[in-house]
Amino acid sequence: DDLLDHAILVLIPSQNPDGRFRGTRANTNGFDMNRDLLVQSQPEIKLNVAFQQEWLAPVGLAMHGYVDPTLIDGLTKPHNPGVEYDLFLEWNQPRLDVNENALADVGMNITRPVNQWNADAWKAPPPVGPAYAEGWDDWGPFYTQTYMEFFGVDSSTLEMCNSGPGCKGRFGSKRAQYIGFYSSAEFWIDHRSEILDDQVEIFRRGVASAPRGNCCDNPFIRGLGFTEDQHNWMVPYPEAFVIPFGGGGQRSDAEANRVVQWLLDNGIQVETATAEFMWNGQTYPAGTYVVWMDQALRGLAYTTLSAGQDISERITQLYAPPGAWSHGLLWGADVLEAPIDPTFAPGTTPITEPNALAGGLAEGDDVAAYAITLRGVGEVRAILDLLRDDVDGEVAEVPFTSASAGEMPAGSLLFDPADADALAAAGLASGVVFETVLADDVPAETTQLDEAPRVAMLAGGSGRNDTLWSLEQIFGTDVEIVTMGSILNSATDPLESFDVIYNAGQAYPSEPQSDIARARLSDFFAGGGGYIGTSQSANNFSFLSGAGLVTSPLSQGSDSADGGIAVWTNEGIQGPLTGGFAAEDFLYLPANVTYFSSVPGDAEIDGQYLSSTDDLFLAGLWRDRNAAVGGAPIIVHGTTTANSRYLGLATNPFSRGDAEREWALIGQAALWSNLTDEA
């Protein structure tokens, strides 16, 4: 009663009802709910975030387990640069003292990572304290607790105990939750006025573009061992982020709207330019999105849109990769950072919903074909819908010229003017323009495109996971799991109804036990079936050699890292797969830095890392860098010995649903590699 007399208690009984029912960490789609707070791919998390945005709780606990003894976060370095860490430390540390004392009163211990834990605990004697503590950080914004930090002043993950002093199984776990919650709540209520003042200070700093204070000036904090050089990860904010729309260098207006809707759903203020403006040598039309940093949730806006930082020299490990993320660089829209600059001053007005999409058919006479280059996953879906509605097309095998847009790369799609009405409707819905091509410019070398390719996800089992979910976001119901066991044991060939294989980690079956599976796979490729392999597993590339589909190996190299964002050069900018990408673009690395250590001699290299390991790694954690990674291939395509086609991509584009930027490449590869319609 005392608590409810002085506070509003917001309770989410279960963040993962699927997993609670099934006894699994993942939900039915195979996603870890405690890793989805930034992407927000799953319906449970979208509702969770909407609930949090409604209340903006200044304090909170995320309860789960298990750690012995009960772990209540004080968070180790590195600290997310969008967090007002000085205000967080001011409340988190004294509250942990209260938790520790309350647990001790009933004979229970506590784990306080930043105060007690260190990376070298196996050494004797181990150094302890904030200067050494790593591995229970709040660097990644994808955890429940970290998301709360952007608008609150004190939050922790409470990992209840399972054994140890005072904790005997399930009863002890509940006891740890009870004591952890009530001791925290009593502390927060006792200091509620000061806590609310500091939460308002977060928002005031944002709106006023105020600088942030040092993290460790507070005498109490400094006395606990926190030092400025170790624990201040806060960075100056830019003036704004620009998301072009309606021209001005935007690859996909639909993808720009996707990012903007995410920002609006997360309480971030977005504005649009009221008139055309010029900045940094580029003209941007009215309607261009501007996300100013003088706003209450500037920390969340910054951590979402910025490239991030290369933290390799300051830290040795993270709680979990990836060490960098960015909806600005890893989703399908172009997003630009505008530094503090008085010349950047477009007139803008706030919005509550994204701009309406404009698309359709380019104007022109004597049109012999309409053409489009796919630059976003929304456009891929629009094309697949056209194919399902019996609108046939072709894939250009060589570059060509359009009357309305100039040079277009190989891989662009061509359609008959007889289907103009369907194309116009699809263009309007997806925000893209089908360009006009005159008779003399229609390329002679094309591949038939008569159906939406059906994709077989080659897997070891039938369970759902982030790979299947991501493939479904591209191909809808035209993707299904096909297990290696079913290829071997089914009475009929399960690959007969599919056009492309996406390998999700399966090795090519060994002989002689798998003769049936080998024969069915051979028939699939001989019939023009396409193949897509990514670095989800090295098996995905050795599969090609095992099947005799390449004359020399396509092999994966891997250098130990905690993930990040890399820069690659588009060697195939006029080729059939990467024509929709910029001359330099960005690659998501979920964990290790992966690349191709060997490539078949007849393969085409579409993308490779920058030559310098310092330049190629834009953000994240990668310490002992192998020089062989510099300039290494990361995207290749080729023709197999069976005259089928394959794509190799040296990263996993579907880990946690993070890297939507790469999904358009997977869609493009499926369209290009499907030769099952060819005579």
# chains A, B, ... in the order shown; residues from 1 in each chain; ligands from 1
>>> residues_around(residues="Asp450 in chain A", least_positions_apart="3", cutoff="9 Å", atoms="only C-alpha atoms", output="ChimeraX atom specification")
/A:387-388,390-394,453,677
>>> write_last_selection(atoms="C-alpha atoms", output="compact mmCIF listing (two decimals), in the first residue's frame")
# COMPACT_ATOMS: atom_id res chain seq x y z
CA LEU A 387 5.17 -11.99 -60.67
CA ARG A 388 2.56 -13.76 -58.55
CA ASP A 390 1.19 -13.25 -63.76
CA VAL A 391 3.13 -10.16 -64.82
CA ASP A 392 6.20 -11.61 -66.55
CA GLY A 393 9.56 -9.89 -66.82
CA GLU A 394 13.23 -10.36 -67.60
CA PRO A 453 10.96 -17.93 -57.14
CA ASP A 677 12.00 -21.18 -66.33
>>> closest_atom_pairs(of="range 311-411 of chain A", to="range 473-494 of chain A", cutoff="12 Å", atoms="only C-alpha atoms", output="tab-separated table")
residue	atom	partner	partner_atom	distance
A:Gly376	CA	A:Ile474	CA	10.2
A:Val377	CA	A:Ile474	CA	6.5
A:Gly378	CA	A:Ile474	CA	8.0
A:Glu379	CA	A:Ile474	CA	9.7
A:Val380	CA	A:Ile474	CA	7.1
A:Arg381	CA	A:Ile474	CA	6.1
A:Ala382	CA	A:Ile474	CA	9.9
A:Ile383	CA	A:Phe475	CA	10.4
A:Leu384	CA	A:Phe475	CA	7.5
A:Asp385	CA	A:Phe475	CA	9.5
A:Leu387	CA	A:Phe475	CA	11.8
A:Arg388	CA	A:Asp478	CA	10.1
>>> write_last_selection(atoms="C-alpha atoms", output="PDB file, in the first residue's frame")
ATOM      1  CA  GLY A 376      15.279  -1.970 -51.078  1.00  0.00           C
ATOM      2  CA  VAL A 377      13.482  -5.011 -49.756  1.00  0.00           C
ATOM      3  CA  GLY A 378      10.117  -3.252 -50.169  1.00  0.00           C
ATOM      4  CA  GLU A 379      10.774  -3.041 -53.897  1.00  0.00           C
ATOM      5  CA  VAL A 380      11.721  -6.719 -53.989  1.00  0.00           C
ATOM      6  CA  ARG A 381       8.387  -7.580 -52.388  1.00  0.00           C
ATOM      7  CA  ALA A 382       6.542  -5.396 -54.918  1.00  0.00           C
ATOM      8  CA  ILE A 383       8.194  -7.216 -57.823  1.00  0.00           C
ATOM      9  CA  LEU A 384       7.434 -10.604 -56.318  1.00  0.00           C
ATOM     10  CA  ASP A 385       3.776  -9.601 -56.013  1.00  0.00           C
ATOM     11  CA  LEU A 387       5.171 -11.991 -60.667  1.00  0.00           C
ATOM     12  CA  ARG A 388       2.558 -13.758 -58.547  1.00  0.00           C
TER      13      ARG A 388
END
>>> select_by_dssp(residues="range 451-620 of chain A", states="alpha helix (DSSP H)", output="short mmCIF file (atom, residue, chain, number, x, y, z; two decimals) with N, CA and C atoms, in the first residue's frame")
data_model
loop_
_atom_site.label_atom_id
_atom_site.label_comp_id
_atom_site.auth_asym_id
_atom_site.auth_seq_id
_atom_site.Cartn_x
_atom_site.Cartn_y
_atom_site.Cartn_z
N ASP A 466 15.52 -16.95 -36.62
CA ASP A 466 15.59 -15.63 -37.24
C ASP A 466 15.87 -15.70 -38.74
N THR A 467 16.52 -16.77 -39.21
CA THR A 467 16.77 -16.91 -40.64
C THR A 467 15.47 -17.10 -41.40
N LEU A 468 14.64 -18.04 -40.96
CA LEU A 468 13.37 -18.27 -41.64
C LEU A 468 12.49 -17.03 -41.56
N TRP A 469 12.42 -16.42 -40.39
CA TRP A 469 11.58 -15.22 -40.24
C TRP A 469 12.02 -14.13 -41.21
N SER A 470 13.34 -13.92 -41.34
CA SER A 470 13.85 -12.88 -42.23
C SER A 470 13.56 -13.21 -43.68
N LEU A 471 13.76 -14.47 -44.06
CA LEU A 471 13.43 -14.87 -45.43
C LEU A 471 11.95 -14.65 -45.73
N GLU A 472 11.11 -14.86 -44.74
CA GLU A 472 9.67 -14.62 -44.94
C GLU A 472 9.37 -13.15 -45.14
N GLN A 473 10.17 -12.26 -44.54
CA GLN A 473 9.96 -10.83 -44.76
C GLN A 473 10.27 -10.44 -46.20
N ILE A 474 11.09 -11.22 -46.87
CA ILE A 474 11.42 -10.96 -48.27
C ILE A 474 10.47 -11.71 -49.20
N PHE A 475 10.33 -13.02 -48.99
CA PHE A 475 9.65 -13.88 -49.96
C PHE A 475 8.25 -14.29 -49.53
N MET A 484 17.58 -31.70 -44.71
CA MET A 484 18.40 -32.66 -45.42
C MET A 484 17.83 -34.07 -45.25
N GLY A 485 17.23 -34.33 -44.09
CA GLY A 485 16.61 -35.63 -43.88
C GLY A 485 15.47 -35.89 -44.85
N SER A 486 14.67 -34.86 -45.14
CA SER A 486 13.55 -35.06 -46.07
C SER A 486 14.06 -35.28 -47.49
N ILE A 487 15.17 -34.63 -47.86
CA ILE A 487 15.73 -34.86 -49.20
C ILE A 487 16.19 -36.31 -49.33
N LEU A 488 16.67 -36.86 -48.24
CA LEU A 488 17.13 -38.25 -48.27
C LEU A 488 15.99 -39.25 -48.17
N ASN A 489 14.99 -38.96 -47.33
CA ASN A 489 14.04 -39.99 -46.93
C ASN A 489 12.64 -39.86 -47.51
N ASP A 515 23.14 -41.30 -51.18
CA ASP A 515 23.07 -41.29 -52.64
C ASP A 515 21.77 -40.67 -53.14
N ILE A 516 20.67 -40.91 -52.45
CA ILE A 516 19.38 -40.36 -52.89
C ILE A 516 19.40 -38.84 -52.78
N ALA A 517 19.90 -38.33 -51.64
CA ALA A 517 19.95 -36.88 -51.45
C ALA A 517 20.87 -36.24 -52.48
N ARG A 518 22.01 -36.87 -52.76
CA ARG A 518 22.95 -36.31 -53.73
C ARG A 518 22.33 -36.28 -55.12
N ALA A 519 21.60 -37.32 -55.47
CA ALA A 519 20.97 -37.36 -56.79
C ALA A 519 19.90 -36.27 -56.91
N ARG A 520 19.12 -36.08 -55.86
CA ARG A 520 18.07 -35.06 -55.91
C ARG A 520 18.66 -33.66 -55.98
N LEU A 521 19.75 -33.43 -55.26
CA LEU A 521 20.40 -32.13 -55.35
C LEU A 521 20.99 -31.91 -56.75
N SER A 522 21.57 -32.94 -57.32
CA SER A 522 22.11 -32.83 -58.68
C SER A 522 21.01 -32.49 -59.68
N ASP A 523 19.86 -33.14 -59.54
CA ASP A 523 18.73 -32.84 -60.43
C ASP A 523 18.27 -31.39 -60.26
N PHE A 524 18.28 -30.92 -59.02
CA PHE A 524 17.85 -29.54 -58.76
C PHE A 524 18.74 -28.55 -59.50
N PHE A 525 20.05 -28.70 -59.38
CA PHE A 525 20.95 -27.75 -60.03
C PHE A 525 20.97 -27.94 -61.54
N ALA A 526 20.86 -29.18 -62.01
CA ALA A 526 20.81 -29.41 -63.46
C ALA A 526 19.57 -28.78 -64.08
N ASN A 539 29.86 -24.31 -43.88
CA ASN A 539 29.26 -25.38 -44.70
C ASN A 539 28.60 -24.83 -45.95
N ASN A 540 28.07 -23.61 -45.84
CA ASN A 540 27.31 -23.06 -46.96
C ASN A 540 28.18 -22.84 -48.19
N PHE A 541 29.49 -22.68 -47.97
CA PHE A 541 30.39 -22.49 -49.11
C PHE A 541 31.07 -23.79 -49.52
N SER A 542 31.49 -24.61 -48.55
CA SER A 542 32.09 -25.90 -48.89
C SER A 542 31.07 -26.81 -49.57
N PHE A 543 29.78 -26.56 -49.36
CA PHE A 543 28.71 -27.30 -50.04
C PHE A 543 28.94 -27.29 -51.56
N LEU A 544 29.34 -26.13 -52.10
CA LEU A 544 29.53 -26.02 -53.55
C LEU A 544 30.63 -26.95 -54.04
N SER A 545 31.71 -27.03 -53.28
CA SER A 545 32.80 -27.94 -53.66
C SER A 545 32.38 -29.38 -53.50
N GLY A 546 31.70 -29.69 -52.40
CA GLY A 546 31.26 -31.05 -52.16
C GLY A 546 30.34 -31.56 -53.25
N THR A 613 42.79 -2.58 -42.89
CA THR A 613 41.92 -3.10 -41.82
C THR A 613 41.43 -1.97 -40.92
N ASP A 614 42.16 -0.87 -40.84
CA ASP A 614 41.68 0.27 -40.06
C ASP A 614 40.53 0.97 -40.77
N ASP A 615 40.65 1.13 -42.08
CA ASP A 615 39.62 1.84 -42.84
C ASP A 615 38.36 1.00 -43.03
N LEU A 616 38.52 -0.31 -43.19
CA LEU A 616 37.36 -1.14 -43.51
C LEU A 616 36.44 -1.32 -42.32
#
>>> closest_residue(among="A:Thr316, A:Asn48, A:Ser597, A:Ser555", to="Asn118 in chain A", atoms="only C-alpha atoms")
A:Thr316
>>> residues_around(residues="Ile8 in chain A", least_positions_apart="6", cutoff="12 Å", atoms="only C-alpha atoms", output="PyMOL selection string")
chain A and resi 1-2+55-60+185+188-189+192
>>> residues_around(residues="Gln199 in chain A", least_positions_apart="5", cutoff="12 Å", atoms="only C-alpha atoms", output="short mmCIF file (atom, residue, chain, number, x, y, z; two decimals) with C-alpha atoms, in the first residue's frame")
data_model
loop_
_atom_site.label_atom_id
_atom_site.label_comp_id
_atom_site.auth_asym_id
_atom_site.auth_seq_id
_atom_site.Cartn_x
_atom_site.Cartn_y
_atom_site.Cartn_z
CA LEU A 56 8.64 6.55 -19.68
CA ALA A 57 9.37 5.05 -16.28
CA PRO A 58 12.32 6.78 -14.55
CA VAL A 59 13.37 3.55 -12.80
CA VAL A 83 23.10 7.44 -22.00
CA GLU A 84 23.42 10.32 -19.53
CA TYR A 85 25.77 8.18 -17.53
CA ASP A 86 26.51 10.71 -14.79
CA LEU A 87 22.83 10.73 -13.81
CA PHE A 88 22.58 6.94 -14.06
CA GLU A 90 24.22 8.84 -9.24
CA TRP A 91 21.24 6.57 -8.52
CA MET A 148 15.12 2.01 -20.37
CA GLU A 149 18.39 3.89 -19.77
CA PHE A 150 17.69 6.33 -22.59
CA PHE A 151 14.82 7.94 -20.67
CA GLY A 152 15.41 6.77 -17.08
CA VAL A 153 17.96 7.34 -14.33
CA ASP A 154 18.20 3.91 -12.69
CA ARG A 192 11.29 10.10 -5.74
CA SER A 193 11.46 13.89 -6.03
CA GLU A 194 15.19 13.96 -6.77
CA ARG A 204 16.10 19.31 -20.54
CA ARG A 205 19.64 18.62 -21.69
CA GLY A 206 18.28 17.18 -24.90
CA ALA A 296 14.29 14.96 -25.28
CA LEU A 297 15.27 11.50 -26.56
#
>>> residues_around(residues="Glu271 in chain A", least_positions_apart="4", cutoff="9 Å", atoms="only C-alpha atoms", output="list in words")
Gly287, Thr288, Tyr289, Val290, Val291, Trp292, Thr348, Thr349, Pro350, Ile351 and Thr352 of chain A
>>> residues_around(residues="Gln116 in chain A", least_positions_apart="4", cutoff="12 Å", atoms="only C-alpha atoms", output="compact mmCIF listing (two decimals) with N, CA, C and O atoms, in the first residue's frame")
# COMPACT_ATOMS: atom_id res chain seq x y z
N LEU A 71 22.45 -11.63 -9.38
CA LEU A 71 23.14 -10.51 -10.01
C LEU A 71 22.16 -9.35 -10.19
O LEU A 71 21.07 -9.53 -10.73
N ILE A 72 22.55 -8.17 -9.70
CA ILE A 72 21.79 -6.95 -9.95
C ILE A 72 22.76 -5.95 -10.57
O ILE A 72 23.76 -5.58 -9.95
N ASP A 73 22.47 -5.53 -11.80
CA ASP A 73 23.43 -4.72 -12.55
C ASP A 73 23.66 -3.38 -11.92
O ASP A 73 22.73 -2.61 -11.70
N GLY A 74 24.91 -3.14 -11.56
CA GLY A 74 25.72 -2.06 -11.96
C GLY A 74 26.48 -2.47 -13.18
O GLY A 74 27.11 -3.52 -13.24
N LEU A 75 26.43 -1.62 -14.17
CA LEU A 75 26.85 -2.00 -15.51
C LEU A 75 28.32 -1.66 -15.76
O LEU A 75 28.78 -0.57 -15.42
N THR A 76 29.03 -2.62 -16.36
CA THR A 76 30.45 -2.42 -16.64
C THR A 76 30.64 -1.58 -17.89
O THR A 76 29.71 -1.34 -18.66
N ILE A 110 25.13 -11.16 -3.25
CA ILE A 110 24.81 -10.40 -4.45
C ILE A 110 26.02 -10.36 -5.36
O ILE A 110 27.17 -10.35 -4.90
N THR A 111 25.77 -10.36 -6.66
CA THR A 111 26.80 -10.09 -7.66
C THR A 111 26.55 -8.69 -8.21
O THR A 111 25.46 -8.40 -8.72
N ARG A 112 27.56 -7.81 -8.07
CA ARG A 112 27.49 -6.45 -8.61
C ARG A 112 28.61 -6.32 -9.65
O ARG A 112 29.74 -5.99 -9.30
N ASP A 120 39.66 -10.96 -15.66
CA ASP A 120 40.74 -11.89 -15.33
C ASP A 120 40.51 -12.57 -13.98
O ASP A 120 41.43 -12.79 -13.21
N ALA A 121 39.25 -12.91 -13.70
CA ALA A 121 38.91 -13.45 -12.38
C ALA A 121 39.62 -14.77 -12.08
O ALA A 121 39.74 -15.15 -10.92
N PRO A 126 42.89 -11.66 -8.24
CA PRO A 126 42.24 -10.94 -9.34
C PRO A 126 42.03 -9.47 -8.99
O PRO A 126 41.61 -9.14 -7.89
N PRO A 127 42.33 -8.55 -9.92
CA PRO A 127 41.95 -7.16 -9.68
C PRO A 127 40.44 -7.02 -9.76
O PRO A 127 39.78 -7.70 -10.54
N VAL A 128 39.89 -6.19 -8.91
CA VAL A 128 38.45 -6.01 -8.89
C VAL A 128 38.13 -4.52 -8.93
O VAL A 128 38.99 -3.68 -8.69
N GLY A 129 36.86 -4.22 -9.22
CA GLY A 129 36.41 -2.84 -9.17
C GLY A 129 36.15 -2.27 -10.54
O GLY A 129 36.46 -2.87 -11.58
N PRO A 130 35.58 -1.07 -10.57
CA PRO A 130 35.12 -0.46 -11.82
C PRO A 130 36.20 -0.30 -12.88
O PRO A 130 35.91 -0.34 -14.07
N ALA A 131 37.46 -0.10 -12.48
CA ALA A 131 38.51 0.12 -13.48
C ALA A 131 38.79 -1.13 -14.31
O ALA A 131 39.29 -1.03 -15.43
N TYR A 132 38.46 -2.31 -13.78
CA TYR A 132 38.79 -3.56 -14.46
C TYR A 132 37.57 -4.27 -15.05
O TYR A 132 37.70 -5.22 -15.80
N ALA A 133 36.40 -3.80 -14.67
CA ALA A 133 35.19 -4.57 -14.96
C ALA A 133 34.78 -4.44 -16.42
O ALA A 133 34.60 -3.35 -16.94
N GLU A 134 34.60 -5.59 -17.07
CA GLU A 134 34.08 -5.68 -18.43
C GLU A 134 33.13 -6.86 -18.50
O GLU A 134 33.16 -7.75 -17.66
N GLY A 135 32.30 -6.88 -19.51
CA GLY A 135 31.53 -8.07 -19.81
C GLY A 135 30.10 -8.10 -19.31
O GLY A 135 29.37 -9.04 -19.62
N TRP A 136 29.66 -7.08 -18.55
CA TRP A 136 28.24 -6.95 -18.19
C TRP A 136 27.82 -5.50 -18.50
O TRP A 136 27.29 -4.81 -17.66
N LEU A 224 34.05 5.09 -4.96
CA LEU A 224 33.84 3.67 -5.27
C LEU A 224 34.82 3.16 -6.33
O LEU A 224 34.81 1.97 -6.65
N GLY A 225 35.60 4.06 -6.92
CA GLY A 225 36.60 3.62 -7.89
C GLY A 225 36.28 3.95 -9.33
O GLY A 225 36.99 3.51 -10.24
>>> closest_residue(among="A:Val550, A:Val567, A:Met457, A:Ala582", to="Arg645 in chain A", atoms="only C-alpha atoms")
A:Val550
>>> residues_around(residues="Pro633 in chain A", least_positions_apart="5", cutoff="6 Å", atoms="only C-alpha atoms", output="list in words")
Phe596, Gly607 and Gln608 of chain A
>>> write_last_selection(atoms="all heavy atoms", output="PDB file, in the first residue's frame")
ATOM      1  N   PHE A 596      36.092 -14.097 -47.711  1.00  0.00           N
ATOM      2  CA  PHE A 596      36.432 -15.255 -48.526  1.00  0.00           C
ATOM      3  C   PHE A 596      37.952 -15.355 -48.630  1.00  0.00           C
ATOM      4  O   PHE A 596      38.618 -14.442 -49.127  1.00  0.00           O
ATOM      5  CB  PHE A 596      35.797 -15.165 -49.912  1.00  0.00           C
ATOM      6  CG  PHE A 596      34.305 -15.336 -49.890  1.00  0.00           C
ATOM      7  CD1 PHE A 596      33.468 -14.351 -50.401  1.00  0.00           C
ATOM      8  CD2 PHE A 596      33.735 -16.463 -49.342  1.00  0.00           C
ATOM      9  CE1 PHE A 596      32.100 -14.498 -50.371  1.00  0.00           C
ATOM     10  CE2 PHE A 596      32.358 -16.622 -49.300  1.00  0.00           C
ATOM     11  CZ  PHE A 596      31.545 -15.636 -49.815  1.00  0.00           C
ATOM     12  N   GLY A 607      31.929  -7.599 -54.427  1.00  0.00           N
ATOM     13  CA  GLY A 607      32.257  -6.698 -53.334  1.00  0.00           C
ATOM     14  C   GLY A 607      33.460  -7.185 -52.577  1.00  0.00           C
ATOM     15  O   GLY A 607      33.684  -8.390 -52.448  1.00  0.00           O
ATOM     16  N   GLN A 608      34.270  -6.237 -52.085  1.00  0.00           N
ATOM     17  CA  GLN A 608      35.411  -6.589 -51.264  1.00  0.00           C
ATOM     18  C   GLN A 608      35.636  -5.498 -50.229  1.00  0.00           C
ATOM     19  O   GLN A 608      35.233  -4.352 -50.402  1.00  0.00           O
ATOM     20  CB  GLN A 608      36.667  -6.790 -52.106  1.00  0.00           C
ATOM     21  CG  GLN A 608      37.088  -5.572 -52.917  1.00  0.00           C
ATOM     22  CD  GLN A 608      38.209  -5.900 -53.898  1.00  0.00           C
ATOM     23  OE1 GLN A 608      38.162  -6.928 -54.590  1.00  0.00           O
ATOM     24  NE2 GLN A 608      39.196  -5.043 -53.967  1.00  0.00           N
TER      25      GLN A 608
END
>>> closest_residue(among="A:Ser252, A:Ser312, A:Thr436, A:Ser611", to="Arg661 in chain A", atoms="only C-alpha atoms")
A:Ser252
>>> select_by_dssp(residues="range 491-617 of chain A", states="strand (DSSP E)", output="PyMOL selection string")
chain A and resi 500-503+530-534+555-559+564-570+584-589+593-598+604-609+617
>>> write_last_selection(atoms="N, CA and C atoms", output="CSV table (one decimal), in the first residue's frame")
chain,number,residue,atom,x,y,z
A,500,VAL,N,15.1,-22.0,-55.8
A,500,VAL,CA,16.4,-21.5,-55.2
A,500,VAL,C,16.5,-22.2,-53.9
A,501,ILE,N,17.8,-22.5,-53.5
A,501,ILE,CA,18.1,-23.0,-52.2
A,501,ILE,C,18.8,-21.9,-51.5
A,502,TYR,N,18.4,-21.6,-50.3
A,502,TYR,CA,19.1,-20.8,-49.3
A,502,TYR,C,19.7,-21.7,-48.3
A,503,ASN,N,21.0,-21.9,-48.2
A,503,ASN,CA,21.5,-22.9,-47.3
A,503,ASN,C,21.7,-22.2,-45.9
A,530,GLY,N,18.8,-22.2,-58.4
A,530,GLY,CA,19.8,-21.3,-57.9
A,530,GLY,C,20.3,-21.7,-56.5
A,531,TYR,N,21.4,-21.1,-56.0
A,531,TYR,CA,22.0,-21.4,-54.7
A,531,TYR,C,22.5,-20.1,-54.1
A,532,ILE,N,22.1,-19.9,-52.8
A,532,ILE,CA,22.6,-18.8,-52.0
A,532,ILE,C,23.2,-19.3,-50.7
A,533,GLY,N,24.5,-18.9,-50.5
A,533,GLY,CA,25.2,-19.3,-49.3
A,533,GLY,C,25.7,-18.1,-48.6
A,534,THR,N,25.6,-18.0,-47.3
A,534,THR,CA,26.1,-16.9,-46.5
A,534,THR,C,27.0,-17.4,-45.4
A,555,SER,N,35.9,-20.5,-50.1
A,555,SER,CA,36.2,-20.9,-48.7
A,555,SER,C,36.1,-19.6,-47.9
A,556,GLN,N,35.6,-19.8,-46.6
A,556,GLN,CA,35.4,-18.7,-45.7
A,556,GLN,C,36.6,-18.6,-44.8
A,557,GLY,N,37.1,-17.3,-44.6
A,557,GLY,CA,38.0,-17.0,-43.5
A,557,GLY,C,37.3,-16.3,-42.4
A,558,SER,N,37.8,-16.3,-41.2
A,558,SER,CA,37.2,-15.7,-40.1
A,558,SER,C,38.2,-15.2,-39.1
A,559,ASP,N,38.0,-13.9,-38.7
A,559,ASP,CA,39.0,-13.4,-37.7
A,559,ASP,C,38.1,-13.0,-36.5
A,564,GLY,N,30.4,-5.7,-35.7
A,564,GLY,CA,30.4,-4.3,-36.0
A,564,GLY,C,29.9,-4.1,-37.4
A,565,ILE,N,30.4,-2.9,-37.9
A,565,ILE,CA,30.0,-2.5,-39.3
A,565,ILE,C,31.2,-2.3,-40.1
A,566,ALA,N,31.3,-2.8,-41.3
A,566,ALA,CA,32.4,-2.7,-42.2
A,566,ALA,C,32.0,-2.0,-43.4
A,567,VAL,N,33.1,-1.5,-44.1
A,567,VAL,CA,32.9,-0.8,-45.4
A,567,VAL,C,33.4,-1.6,-46.5
A,568,TRP,N,32.6,-1.7,-47.6
A,568,TRP,CA,33.1,-2.5,-48.8
A,568,TRP,C,32.9,-1.7,-50.1
A,569,THR,N,33.7,-2.1,-51.0
A,569,THR,CA,33.7,-1.4,-52.4
A,569,THR,C,32.9,-2.3,-53.3
A,570,ASN,N,32.0,-1.6,-54.1
A,570,ASN,CA,31.1,-2.3,-55.0
A,570,ASN,C,31.8,-2.5,-56.3
A,584,GLU,N,30.5,2.6,-52.5
A,584,GLU,CA,31.0,2.1,-51.2
A,584,GLU,C,29.7,1.9,-50.4
A,585,ASP,N,29.7,0.8,-49.6
A,585,ASP,CA,28.5,0.6,-48.8
A,585,ASP,C,28.9,-0.1,-47.5
A,586,PHE,N,27.9,-0.5,-46.8
A,586,PHE,CA,28.1,-1.0,-45.4
A,586,PHE,C,27.7,-2.4,-45.2
A,587,LEU,N,28.4,-3.1,-44.4
A,587,LEU,CA,28.2,-4.6,-44.2
A,587,LEU,C,28.0,-4.8,-42.7
A,588,TYR,N,27.0,-5.6,-42.3
A,588,TYR,CA,26.8,-6.0,-40.9
A,588,TYR,C,27.6,-7.2,-40.6
A,589,LEU,N,28.3,-7.1,-39.5
A,589,LEU,CA,29.1,-8.3,-39.0
A,589,LEU,C,28.5,-8.7,-37.6
A,593,VAL,N,34.8,-11.2,-37.9
A,593,VAL,CA,35.0,-10.5,-39.3
A,593,VAL,C,35.2,-11.7,-40.2
A,594,THR,N,34.2,-11.9,-41.1
A,594,THR,CA,34.3,-13.0,-42.1
A,594,THR,C,34.5,-12.5,-43.5
A,595,TYR,N,35.1,-13.3,-44.3
A,595,TYR,CA,35.5,-13.0,-45.6
A,595,TYR,C,35.8,-14.2,-46.4
A,596,PHE,N,36.1,-14.1,-47.7
A,596,PHE,CA,36.4,-15.3,-48.5
A,596,PHE,C,38.0,-15.4,-48.6
A,597,SER,N,38.5,-16.5,-48.2
A,597,SER,CA,39.9,-16.7,-48.2
A,597,SER,C,40.3,-17.3,-49.6
A,598,SER,N,39.4,-17.9,-50.3
A,598,SER,CA,39.6,-18.4,-51.6
A,598,SER,C,38.3,-18.3,-52.4
A,604,GLU,N,32.9,-14.2,-60.2
A,604,GLU,CA,32.9,-12.7,-60.3
A,604,GLU,C,32.9,-12.2,-58.9
A,605,ILE,N,33.8,-11.3,-58.6
A,605,ILE,CA,33.8,-10.6,-57.3
A,605,ILE,C,33.0,-9.3,-57.4
A,606,ASP,N,31.9,-9.3,-56.6
A,606,ASP,CA,31.0,-8.1,-56.6
A,606,ASP,C,31.4,-7.1,-55.5
A,607,GLY,N,31.9,-7.6,-54.4
A,607,GLY,CA,32.3,-6.7,-53.3
A,607,GLY,C,33.5,-7.2,-52.6
A,608,GLN,N,34.3,-6.2,-52.1
A,608,GLN,CA,35.4,-6.6,-51.3
A,608,GLN,C,35.6,-5.5,-50.2
A,609,TYR,N,36.2,-5.9,-49.1
A,609,TYR,CA,36.6,-4.9,-48.1
A,609,TYR,C,37.5,-3.9,-48.6
A,617,PHE,N,37.0,-1.2,-41.1
A,617,PHE,CA,36.2,-1.4,-39.9
A,617,PHE,C,35.7,-0.1,-39.4
>>> closest_residue(among="A:Leu438, A:Ala627, A:Ala632, A:Ala338", to="Gly364 in chain A", atoms="only C-alpha atoms")
A:Leu438
>>> closest_atom_pairs(of="range 241-327 of chain A", to="range 370-375 of chain A", cutoff="12 Å", atoms="only C-alpha atoms", output="tab-separated table")
residue	atom	partner	partner_atom	distance
A:Gln250	CA	A:Arg375	CA	9.8
A:Arg251	CA	A:Arg375	CA	6.0
A:Ser252	CA	A:Arg375	CA	6.2
A:Asp253	CA	A:Arg375	CA	9.8
A:Ala254	CA	A:Arg375	CA	9.9
A:Glu255	CA	A:Arg375	CA	9.1
A:Ala256	CA	A:Arg375	CA	11.6
